[in-house]
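> Below is the file data-v7.tsv, with TSV, C-alpha atoms.
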```
chain	number	residue	atom	x	y	z
A	1	MET	CA	15.40	31.99	1.15
A	2	ILE	CA	13.68	34.34	-1.30
A	3	TRP	CA	14.58	32.15	-4.28
A	4	LEU	CA	13.09	29.10	-2.53
A	5	TRP	CA	9.77	30.89	-2.12
A	6	ALA	CA	9.96	32.00	-5.74
A	7	ILE	CA	10.38	28.38	-6.87
A	8	PHE	CA	7.51	27.24	-4.66
A	9	PHE	CA	5.08	29.88	-5.91
A	10	SER	CA	6.09	29.44	-9.56
A	11	ALA	CA	5.44	25.67	-9.23
A	12	ALA	CA	2.09	26.33	-7.55
A	13	MET	CA	1.06	28.65	-10.37
A	14	VAL	CA	1.49	25.88	-12.97
A	15	ALA	CA	-0.11	23.18	-10.81
A	16	GLY	CA	-2.75	21.14	-12.57
A	17	PRO	CA	-4.88	18.03	-12.14
A	18	VAL	CA	-3.73	14.43	-12.46
A	19	THR	CA	-6.66	12.48	-13.91
A	20	GLY	CA	-7.35	8.90	-14.87
A	21	THR	CA	-9.65	5.91	-14.56
A	22	VAL	CA	-9.46	2.56	-12.80
A	23	GLU	CA	-11.11	-0.70	-13.79
A	24	LEU	CA	-11.62	-3.74	-11.58
A	25	VAL	CA	-11.08	-7.04	-13.41
A	26	GLY	CA	-11.58	-10.66	-12.38
A	27	SER	CA	-14.03	-9.65	-9.66
A	28	ARG	CA	-16.55	-11.97	-7.98
A	29	ASP	CA	-18.46	-9.01	-6.56
A	30	PRO	CA	-21.94	-8.73	-8.19
A	31	ALA	CA	-21.83	-4.93	-7.94
A	32	VAL	CA	-18.69	-4.92	-10.05
A	33	GLN	CA	-19.80	-7.61	-12.50
A	34	LYS	CA	-23.33	-6.37	-13.20
A	35	ARG	CA	-23.23	-2.64	-12.48
A	36	ARG	CA	-19.56	-1.99	-13.27
A	37	ASP	CA	-19.08	-0.18	-9.97
A	38	TYR	CA	-15.40	0.79	-9.83
A	39	SER	CA	-15.65	3.11	-6.82
A	40	GLY	CA	-13.49	3.01	-3.71
A	41	VAL	CA	-10.00	2.87	-5.24
A	42	VAL	CA	-7.54	5.24	-3.52
A	43	VAL	CA	-4.90	6.81	-5.77
A	44	TRP	CA	-2.18	9.05	-4.37
A	45	LEU	CA	1.13	10.69	-5.25
A	46	ASP	CA	4.21	10.71	-3.01
A	47	GLY	CA	6.76	13.35	-3.91
A	48	PRO	CA	7.50	17.09	-3.76
A	49	GLY	CA	5.07	19.78	-2.75
A	50	ALA	CA	3.49	21.23	0.35
A	51	PRO	CA	2.99	18.86	3.33
A	52	ALA	CA	-0.50	17.48	3.88
A	53	GLN	CA	-2.62	19.56	6.24
A	54	PRO	CA	-4.90	17.72	8.71
A	55	ARG	CA	-8.62	18.13	8.20
A	56	ARG	CA	-11.93	17.02	9.68
A	57	ALA	CA	-13.84	14.28	7.93
A	58	GLU	CA	-16.93	12.20	8.63
A	59	MET	CA	-17.82	8.53	8.38
A	60	VAL	CA	-21.55	8.19	9.06
A	61	GLN	CA	-23.17	5.07	10.46
A	62	LYS	CA	-26.58	4.75	8.82
A	63	ASN	CA	-28.75	1.77	7.84
A	64	LYS	CA	-26.04	-0.49	9.31
A	65	ARG	CA	-23.46	0.88	6.90
A	66	PHE	CA	-20.40	3.10	7.10
A	67	LEU	CA	-20.70	6.03	4.68
A	68	PRO	CA	-18.50	6.62	2.82
A	69	HIS	CA	-17.24	3.05	2.58
A	70	VAL	CA	-13.77	4.30	1.61
A	71	LEU	CA	-12.31	7.51	3.03
A	72	ALA	CA	-8.90	9.06	2.31
A	73	ILE	CA	-7.42	11.63	4.71
A	74	PRO	CA	-4.05	13.26	5.50
A	75	VAL	CA	-2.12	12.16	8.60
A	76	GLY	CA	-3.28	14.02	11.70
A	77	SER	CA	-6.88	14.37	10.51
A	78	THR	CA	-9.88	13.92	12.78
A	79	VAL	CA	-12.70	11.61	11.69
A	80	GLU	CA	-16.14	11.82	13.24
A	81	PHE	CA	-18.31	8.71	13.52
A	82	PRO	CA	-21.88	9.98	14.04
A	83	ASN	CA	-24.52	7.31	14.72
A	84	PHE	CA	-27.56	8.13	12.58
A	85	ASP	CA	-29.23	4.77	13.22
A	86	LEU	CA	-31.82	4.04	15.94
A	87	ILE	CA	-29.56	1.36	17.41
A	88	PHE	CA	-26.17	1.21	19.10
A	89	HIS	CA	-22.87	0.94	17.21
A	90	ASN	CA	-19.23	0.37	18.15
A	91	ALA	CA	-16.72	1.33	15.45
A	92	PHE	CA	-13.24	-0.14	15.87
A	93	SER	CA	-10.09	-1.16	14.01
A	94	ASN	CA	-7.76	-3.78	15.46
A	95	PHE	CA	-5.36	-4.57	12.62
A	96	SER	CA	-3.54	-2.71	9.84
A	97	GLY	CA	-3.13	1.02	10.20
A	98	GLN	CA	-4.14	2.77	13.40
A	99	LEU	CA	-5.78	0.83	16.23
A	100	PHE	CA	-8.85	2.42	17.82
A	101	ASP	CA	-12.06	1.55	19.61
A	102	VAL	CA	-14.69	4.25	20.18
A	103	GLY	CA	-16.77	1.99	22.45
A	104	LEU	CA	-20.48	1.31	22.45
A	105	TYR	CA	-22.53	4.46	21.89
A	106	PRO	CA	-26.24	5.19	21.41
A	107	PRO	CA	-28.29	6.64	18.54
A	108	GLY	CA	-27.89	10.34	17.84
A	109	THR	CA	-24.42	10.61	19.38
A	110	ASN	CA	-20.95	10.97	17.92
A	111	ARG	CA	-17.38	9.78	18.52
A	112	THR	CA	-14.13	11.11	17.04
A	113	VAL	CA	-10.73	9.61	16.31
A	114	VAL	CA	-7.50	11.43	15.40
A	115	PHE	CA	-5.47	9.41	12.89
A	116	LYS	CA	-1.79	9.98	13.67
A	117	ARG	CA	-0.26	7.08	11.72
A	118	GLN	CA	0.12	6.60	7.99
A	119	GLY	CA	-1.50	3.40	6.74
A	120	ILE	CA	-4.73	1.61	5.93
A	121	ALA	CA	-7.27	1.28	8.76
A	122	ARG	CA	-9.94	-1.35	8.19
A	123	VAL	CA	-12.99	-0.33	10.22
A	124	PHE	CA	-15.70	-2.63	11.60
A	125	CYS	CA	-18.60	-2.52	14.05
A	126	ASN	CA	-18.32	-4.75	17.12
A	127	ILE	CA	-22.08	-5.44	17.01
A	128	HIS	CA	-22.83	-5.82	13.29
A	129	PRO	CA	-20.45	-8.13	11.36
A	130	THR	CA	-21.63	-6.95	7.93
A	131	MET	CA	-20.45	-3.38	8.57
A	132	SER	CA	-17.00	-2.57	7.22
A	133	ALA	CA	-15.08	0.40	5.82
A	134	VAL	CA	-11.59	1.56	4.91
A	135	ILE	CA	-9.73	4.71	5.93
A	136	ALA	CA	-6.53	5.47	4.01
A	137	VAL	CA	-4.30	7.76	6.07
A	138	LEU	CA	-1.73	9.46	3.82
A	139	ARG	CA	1.28	11.77	4.20
A	140	THR	CA	0.56	13.58	0.96
A	141	PRO	CA	-2.09	16.16	0.03
A	142	TYR	CA	-2.32	14.68	-3.48
A	143	PHE	CA	-4.89	11.89	-3.45
A	144	ALA	CA	-8.34	10.94	-4.71
A	145	VAL	CA	-10.91	8.14	-4.43
A	146	SER	CA	-12.44	6.78	-7.63
A	147	GLY	CA	-16.12	7.23	-8.37
A	148	LYS	CA	-18.54	4.58	-9.59
A	149	ASN	CA	-17.34	4.95	-13.20
A	150	GLY	CA	-13.72	4.54	-12.08
A	151	ALA	CA	-12.73	8.15	-12.75
A	152	PHE	CA	-10.51	10.08	-10.35
A	153	GLU	CA	-8.96	13.55	-10.23
A	154	ILE	CA	-6.10	14.67	-8.02
A	155	ARG	CA	-6.28	18.46	-8.06
A	156	ASP	CA	-3.59	21.15	-7.96
A	157	VAL	CA	-0.53	18.93	-8.35
A	158	PRO	CA	2.64	21.04	-8.82
A	159	LEU	CA	5.09	20.06	-11.55
A	160	GLY	CA	7.66	17.47	-10.58
A	161	GLU	CA	8.27	13.74	-10.28
A	162	TYR	CA	6.01	11.59	-8.14
A	163	HIS	CA	5.58	8.00	-7.05
A	164	LEU	CA	2.04	6.89	-7.92
A	165	ARG	CA	0.45	4.40	-5.52
A	166	VAL	CA	-2.91	2.65	-5.51
A	167	PHE	CA	-5.01	0.86	-2.88
A	168	HIS	CA	-8.10	-1.29	-3.30
A	169	GLU	CA	-9.44	-3.45	-0.50
A	170	ARG	CA	-9.98	-6.52	-2.72
A	171	ALA	CA	-6.55	-6.46	-4.39
A	172	SER	CA	-3.50	-8.30	-3.08
A	173	GLU	CA	-0.36	-6.52	-1.92
A	174	ASP	CA	1.57	-7.95	-4.87
A	175	THR	CA	-1.04	-6.66	-7.30
A	176	LEU	CA	-0.95	-3.17	-5.80
A	177	LYS	CA	2.85	-3.12	-5.69
A	178	ALA	CA	3.00	-3.97	-9.39
A	179	LEU	CA	0.80	-0.95	-10.18
A	180	GLU	CA	3.20	1.55	-8.61
A	181	ARG	CA	5.09	3.76	-11.04
A	182	ARG	CA	7.05	6.97	-11.38
A	183	ILE	CA	5.25	9.80	-13.15
A	184	THR	CA	6.25	13.31	-14.19
A	185	VAL	CA	3.76	16.15	-13.92
A	186	ASN	CA	4.45	19.03	-16.28
A	187	GLY	CA	2.67	22.35	-16.38
A	188	GLY	CA	-1.07	21.94	-16.77
A	189	GLY	CA	-1.39	18.52	-15.19
A	190	LEU	CA	-1.32	14.95	-16.52
A	191	ALA	CA	-3.82	12.44	-17.91
A	192	LEU	CA	-2.84	8.90	-16.91
A	193	PRO	CA	-3.58	5.76	-18.94
A	194	ALA	CA	-6.30	3.47	-17.53
A	195	ILE	CA	-5.30	1.41	-14.49
A	196	ALA	CA	-6.58	-2.19	-14.40
A	197	ILE	CA	-6.73	-3.75	-10.92
A	198	SER	CA	-7.15	-7.51	-10.64
A	199	GLU	CA	-9.40	-8.95	-7.92
A	200	SER	CA	-8.98	-12.54	-9.13
A	201	GLY	CA	-7.07	-13.69	-6.06
A	202	TYR	CA	-9.41	-12.12	-3.50
A	203	ILE	CA	-11.07	-14.46	-1.01
A	204	GLN	CA	-13.30	-12.96	1.67
A	205	PHE	CA	-13.04	-14.38	5.17
A	206	PRO	CA	-15.31	-13.50	8.11
A	207	HIS	CA	-13.59	-11.04	10.43
A	208	LYS	CA	-13.55	-11.29	14.22
A	209	ASN	CA	-15.01	-8.81	16.68
A	210	LYS	CA	-12.78	-6.47	18.68
A	211	TYR	CA	-12.05	-9.22	21.21
A	212	GLY	CA	-10.84	-11.60	18.51
A	213	LYS	CA	-13.97	-13.74	18.86
A	214	ASP	CA	-16.59	-14.86	16.35
A	215	TYR	CA	-19.77	-12.81	16.11
A	216	PRO	CA	-22.94	-14.47	17.43
A	217	PRO	CA	-24.93	-16.32	14.73
A	218	VAL	CA	-27.88	-13.96	15.25
A	219	VAL	CA	-27.38	-10.24	15.87
A	220	GLU	CA	-30.09	-8.65	17.98
A	221	ASP	CA	-30.45	-4.89	17.84
A	222	HIS	CA	-31.47	-3.06	20.99
A	223	VAL	CA	-32.16	0.56	21.81
A	224	VAL	CA	-30.31	0.03	25.10
A	225	TYR	CA	-27.52	-2.49	25.77
A	226	PRO	CA	-26.64	-3.73	29.26
A	227	GLY	CA	-23.87	-1.65	30.74
A	228	ALA	CA	-23.98	0.95	27.95
A	229	ARG	CA	-23.08	4.50	28.89
A	230	LYS	CA	-25.90	6.94	28.13
```
In structure tokens, how does this file's structure come out?

Amino acid sequence: MIWLWAIFFSAAMVAGPVTGTVELVGSRDPAVQKRRDYSGVVVWLDGPGAPAQPRRAEMVQKNKRFLPHVLAIPVGSTVEFPNFDLIFHNAFSNFSGQLFDVGLYPPGTNRTVVFKRQGIARVFCNIHPTMSAVIAVLRTPYFAVSGKNGAFEIRDVPLGEYHLRVFHERASEDTLKALERRITVNGGGLALPAIAISESGYIQFPHKNKYGKDYPPVVEDHVVYPGARK
């Protein structure tokens, strides 16, 4: 038992960052084309090391947006959904990843969800069809989300072999699968070559509300909704 702890602590002492950049190519998104916004790509490492510890995170609803748009968390983490708008919201996810529905709730209040399943949860609002977000629930503590310039840093990765995986909401499963690779982290970390992610096959379709129905053509915001719990 003592030698196992010795190996663990010696590996932890030489842990270092895994860094790199992502680039989105073939995109139809104006933000990507004009401003070169490469944010929101989740990069993670499956392999040896300490198990992921649950944490508390926050996905704010403000100005009819989920912030952050992409959130990565370990399995078992709790996510808060505070409503900072002056109108009602209803965050939900009904396909891919964990299913949840926090219900209709008023301005200035909060709802929480514990994410117990590994996977990708696509989050929407049952009232506002333009609101969407992604929560990546992972079984590893080694992950990062790219910034606007595409850079990412996975900190304190112990030496060893890992399976690198990538997720981007506008990339196909085949595209993401082709980007997977085995990497070896030596003492001091690892700088990865640039990762190019194609969005050329992405076609956006309107999503349904939590009942599987189309949203009304005109969304009316109210301070109070009929039957809403105060």
> Any idea what the distance is between CA of Leu159 (chain A) and CA of Gly16 (chain A)?
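Computing the Euclidean distance for CA of Leu159 (chain A) and CA of Gly16 (chain A) yields 8.0 Å.
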> Between A:Val32, A:Val145, A:Ile203, A:Leu164, which residue has the minimum interatomic distance to Arg182 (chain A), considering all atoms listed in the file?
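Result for the nearest residue to Arg182 (chain A): A:Leu164.
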> Between CA of Lys213 (chain A) and CA of Val41 (chain A), measure the distance and give it in Å to one decimal.
29.5 Å
> Which one of A:Tyr215, A:Tyr105, A:Phe100, A:Phe167 sits closest to Asn83 (chain A) if you count only C-alpha atoms?
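Using only C-alpha atoms, Asn83 (chain A) sits closest to A:Tyr105.
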> Hey, can you pull every residue with an atom no more than 7 Å from (0.6, 3.0, 7.4), using only C-alpha atoms, and send it as a PyMOL selection string?
chain A and resi 97+117-120+137
> Please, what distance in Å, to one decimal, runs between CA of Val70 (chain A) and CA of Gly40 (chain A)?
5.5 Å
> Do a neighbour search on region 51-68 of chain A at 8 Å with all atoms listed in the file, toss out local chain neighbours closer than 5 positions, and write the hits as a list in words.
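What passes the distance filter is Ile73, Pro74, Val75, Gly76, Ser77, Thr78, Val79, Glu80, Phe81, Pro82, Asn83, Phe84, Asp85, His89, His128, Thr130, Met131, Ser132, Ala133, Arg139, Thr140 and Pro141 of chain A.
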> Return the padded bounding box of region 80-89 of chain A as lines of an AutoDock Vina configuration file: axis-aligned, built from all atoms listed in the file, 5 Å added on each side, with centre and edge lengths in Å to one decimal.

```
center_x = -24.0
center_y = 6.4
center_z = 15.8
size_x = 25.7
size_y = 20.9
size_z = 16.5
```
> Excluding same-chain residues fewer than 2 positions from Gly147 (chain A), what lies within 10 Å of it counting only C-alpha atoms, as number ranges by chain?
A: 21-22, 37-41, 144-145, 149-153
> Put those residues in a file: C-alpha atoms, as an mmCIF file, keeping the file's coordinate frame.

```
data_model
loop_
_atom_site.group_PDB
_atom_site.id
_atom_site.type_symbol
_atom_site.label_atom_id
_atom_site.label_comp_id
_atom_site.auth_asym_id
_atom_site.auth_seq_id
_atom_site.Cartn_x
_atom_site.Cartn_y
_atom_site.Cartn_z
ATOM 1 C CA THR A 21 -9.650 5.910 -14.560
ATOM 2 C CA VAL A 22 -9.460 2.560 -12.800
ATOM 3 C CA ASP A 37 -19.080 -0.180 -9.970
ATOM 4 C CA TYR A 38 -15.400 0.790 -9.830
ATOM 5 C CA SER A 39 -15.650 3.110 -6.820
ATOM 6 C CA GLY A 40 -13.490 3.010 -3.710
ATOM 7 C CA VAL A 41 -10.000 2.870 -5.240
ATOM 8 C CA ALA A 144 -8.340 10.940 -4.710
ATOM 9 C CA VAL A 145 -10.910 8.140 -4.430
ATOM 10 C CA ASN A 149 -17.340 4.950 -13.200
ATOM 11 C CA GLY A 150 -13.720 4.540 -12.080
ATOM 12 C CA ALA A 151 -12.730 8.150 -12.750
ATOM 13 C CA PHE A 152 -10.510 10.080 -10.350
ATOM 14 C CA GLU A 153 -8.960 13.550 -10.230
#
```
> Between A:Gly103, A:Pro206, A:Ser172, A:Gln33, which is the closest to Ile127 (chain A) once you count all atoms listed in the file?
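Closest candidate: A:Gly103.
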> In the coordinate frame of the file, compute which residues have an atom within 9 Å of (-7.5, 11.7, -16.3) when using all atoms listed in the file, and state them as JSON, numbers by chain.
{"A": [17, 18, 19, 20, 21, 151, 152, 153, 154, 190, 191, 192, 193, 194]}
> With all atoms listed in the file as the counted atoms, please give the residues lying no more than 7 Å from Trp44 (chain A), apart from itself and same-chain residues fewer than 2 positions off, as an MDAnalysis selection string.
chainID A and resid 42 46 142:144 164:166
> Using all atoms listed in the file, which residue out of A:Asp214, A:Glu199, A:Asp156, A:Asp29 lies closest to Gly187 (chain A)?
A:Asp156
